[in-house]
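Asker: First the structure, which I've put down as structure tokens, then a few questions once you've had a look.
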Amino acid sequence: MKPTRIVFAAVLALLASTVFALEFRSVKETGVALYEAPNLAAKKLFVVSRYYPVEVLVTQKDWARVRDATGGIAWIPAAALSTRQMLLVTAEQLPVRAAPAETAAVLYQAGKDLALELLEPPQSGWVKVRHRDNTVGYARIAGLWGL
């Protein structure tokens with residue numbers, strides 16, 4: 001193998017190892033404010049509900065800079081975040097099925113902006129989720145945000 005190919009392969013391997021996984025979290029309780037800056041005196045942008053899913057972009061001391069499903073970016077106190085990963089329904093109606101197959105029985109239709117708990121990593125385009133009433137089923141990942 002030529003030296004330039006070896007160097008090229010090494011650079012590609014290095015770049016592949018620096019890919020970072022996305023970190024999704026949810027808000028612990030209802031009524032948590034998101035701020036314009038990492039400071040309680042900063043302008044409040046909006047207030048979110050319990051289980052609201054966010055993507056953590058960066059943490060700074062006691063604060064986390066987050067993005068929501070709309071693409072909005074804000075700061076939240078890090079203590080207000082849970083490790084419980086929730087997914088937000090982005091489709092108008094998303095069928096949640098008894099098994100990960102289009103032919104499986106529909107347990108319920110999840111409406112837009114409903115938060116569902118992620119139970120297992122996605123597999124073959126499906127994800128296992130739990131509704132707040134504890135119903136467990138499978139949904140297509142195409143209709144969800146937070147993965």
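Chain labels run A, B, ... following the order of the structure tokens; each chain numbers its residues from 1, and ligands are numbered from 1 in the order shown.
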Mind checking which residues fall within 6 Å of Val89 (chain A), counting only C-alpha atoms, ignoring those fewer than 2 positions away in the same chain, and posting them as a PyMOL selection string?
Answerer: chain A and resi 91+112-114+143-144
Asker: Would you save the residues from that selection as a tab-separated table (two decimals), in the first residue's frame, using C-alpha atoms?
Answerer:
chain	number	residue	atom	x	y	z
A	91	ALA	CA	-46.32	13.11	13.19
A	112	LYS	CA	-48.50	15.18	17.81
A	113	ASP	CA	-46.37	16.52	20.71
A	114	LEU	CA	-47.07	13.53	22.97
A	143	GLY	CA	-42.57	9.95	13.47
A	144	LEU	CA	-40.46	10.68	16.56
Asker: Can you list, as a list in words, every protein, DNA or RNA residue that comes within 7 Å of Leu88 (chain A) when you count only C-alpha atoms, leaving out same-chain residues fewer than 2 positions away?
Answerer: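 Listed by chain and then number, they are Pro53, Met86, Thr90, Asp113, Leu114, Ala115, Leu116, Leu144, Trp145 and Gly146 of chain A.
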Asker: List every residue of chain A that DSSP, applied to the backbone, labels as helix (DSSP H, G or I), and write the result as an MDAnalysis selection string.
Answerer: chainID A and resid 3:17 78:80 141:143
Asker: For region 43-48 of chain A, please output as a JSON list (two decimals) with N, CA and C atoms, in the first residue's frame all residues within 10 Å (counting only C-alpha atoms; exclusion window: fewer than 2 positions along the same chain).
Answerer:
[["chain", "number", "residue", "atom", "x", "y", "z"],
["A", 27, "VAL", "N", -36.94, 16.82, 30.84],
["A", 27, "VAL", "CA", -37.11, 17.73, 31.98],
["A", 27, "VAL", "C", -37.77, 16.96, 33.12],
["A", 29, "GLU", "N", -39.48, 18.02, 35.91],
["A", 29, "GLU", "CA", -40.77, 18.42, 36.47],
["A", 29, "GLU", "C", -41.41, 19.54, 35.66],
["A", 30, "THR", "N", -42.70, 19.72, 35.83],
["A", 30, "THR", "CA", -43.44, 20.75, 35.12],
["A", 30, "THR", "C", -43.09, 22.13, 35.65],
["A", 31, "GLY", "N", -43.06, 23.11, 34.76],
["A", 31, "GLY", "CA", -42.84, 24.49, 35.16],
["A", 31, "GLY", "C", -41.41, 24.95, 35.16],
["A", 32, "VAL", "N", -40.53, 24.22, 34.47],
["A", 32, "VAL", "CA", -39.12, 24.61, 34.40],
["A", 32, "VAL", "C", -38.94, 25.63, 33.28],
["A", 33, "ALA", "N", -38.28, 26.73, 33.61],
["A", 33, "ALA", "CA", -38.04, 27.79, 32.62],
["A", 33, "ALA", "C", -36.76, 27.51, 31.85],
["A", 34, "LEU", "N", -36.78, 27.88, 30.58],
["A", 34, "LEU", "CA", -35.59, 27.85, 29.75],
["A", 34, "LEU", "C", -35.18, 29.30, 29.53],
["A", 35, "TYR", "N", -33.87, 29.55, 29.61],
["A", 35, "TYR", "CA", -33.35, 30.91, 29.63],
["A", 35, "TYR", "C", -32.50, 31.23, 28.40],
["A", 36, "GLU", "N", -32.36, 32.52, 28.16],
["A", 36, "GLU", "CA", -31.55, 33.01, 27.05],
["A", 36, "GLU", "C", -30.04, 32.84, 27.32],
["A", 37, "ALA", "N", -29.66, 32.85, 28.58],
["A", 37, "ALA", "CA", -28.26, 32.73, 28.99],
["A", 37, "ALA", "C", -28.20, 31.87, 30.25],
["A", 38, "PRO", "N", -27.02, 31.33, 30.59],
["A", 38, "PRO", "CA", -26.90, 30.46, 31.77],
["A", 38, "PRO", "C", -26.87, 31.25, 33.08],
["A", 39, "ASN", "N", -28.02, 31.87, 33.39],
["A", 39, "ASN", "CA", -28.11, 32.71, 34.58],
["A", 39, "ASN", "C", -29.59, 32.89, 34.91],
["A", 40, "LEU", "N", -29.96, 32.74, 36.18],
["A", 40, "LEU", "CA", -31.37, 32.90, 36.57],
["A", 40, "LEU", "C", -31.90, 34.31, 36.35],
["A", 41, "ALA", "N", -31.01, 35.29, 36.23],
["A", 41, "ALA", "CA", -31.42, 36.67, 35.96],
["A", 41, "ALA", "C", -31.63, 36.92, 34.47],
["A", 50, "ARG", "N", -43.09, 18.59, 32.42],
["A", 50, "ARG", "CA", -42.38, 17.37, 32.81],
["A", 50, "ARG", "C", -42.28, 16.45, 31.59],
["A", 51, "TYR", "N", -41.15, 15.79, 31.45],
["A", 51, "TYR", "CA", -40.84, 14.83, 30.39],
["A", 51, "TYR", "C", -40.56, 15.49, 29.04],
["A", 52, "TYR", "N", -40.51, 16.82, 28.97],
["A", 52, "TYR", "CA", -40.23, 17.49, 27.71],
["A", 52, "TYR", "C", -38.83, 17.07, 27.26],
["A", 53, "PRO", "N", -38.69, 16.50, 26.05],
["A", 53, "PRO", "CA", -37.37, 16.04, 25.62],
["A", 53, "PRO", "C", -36.52, 17.16, 25.04],
["A", 72, "GLY", "N", -35.23, 25.24, 18.59],
["A", 72, "GLY", "CA", -34.95, 26.33, 19.52],
["A", 72, "GLY", "C", -33.83, 25.95, 20.48],
["A", 73, "ILE", "N", -32.97, 26.93, 20.76],
["A", 73, "ILE", "CA", -31.84, 26.70, 21.67],
["A", 73, "ILE", "C", -31.98, 27.60, 22.88],
["A", 74, "ALA", "N", -31.76, 27.01, 24.06],
["A", 74, "ALA", "CA", -31.90, 27.76, 25.31],
["A", 74, "ALA", "C", -31.01, 27.12, 26.38],
["A", 75, "TRP", "N", -30.97, 27.77, 27.53],
["A", 75, "TRP", "CA", -30.23, 27.26, 28.68],
["A", 75, "TRP", "C", -31.22, 26.80, 29.74],
["A", 76, "ILE", "N", -30.84, 25.73, 30.44],
["A", 76, "ILE", "CA", -31.67, 25.18, 31.50],
["A", 76, "ILE", "C", -30.75, 24.78, 32.66]]
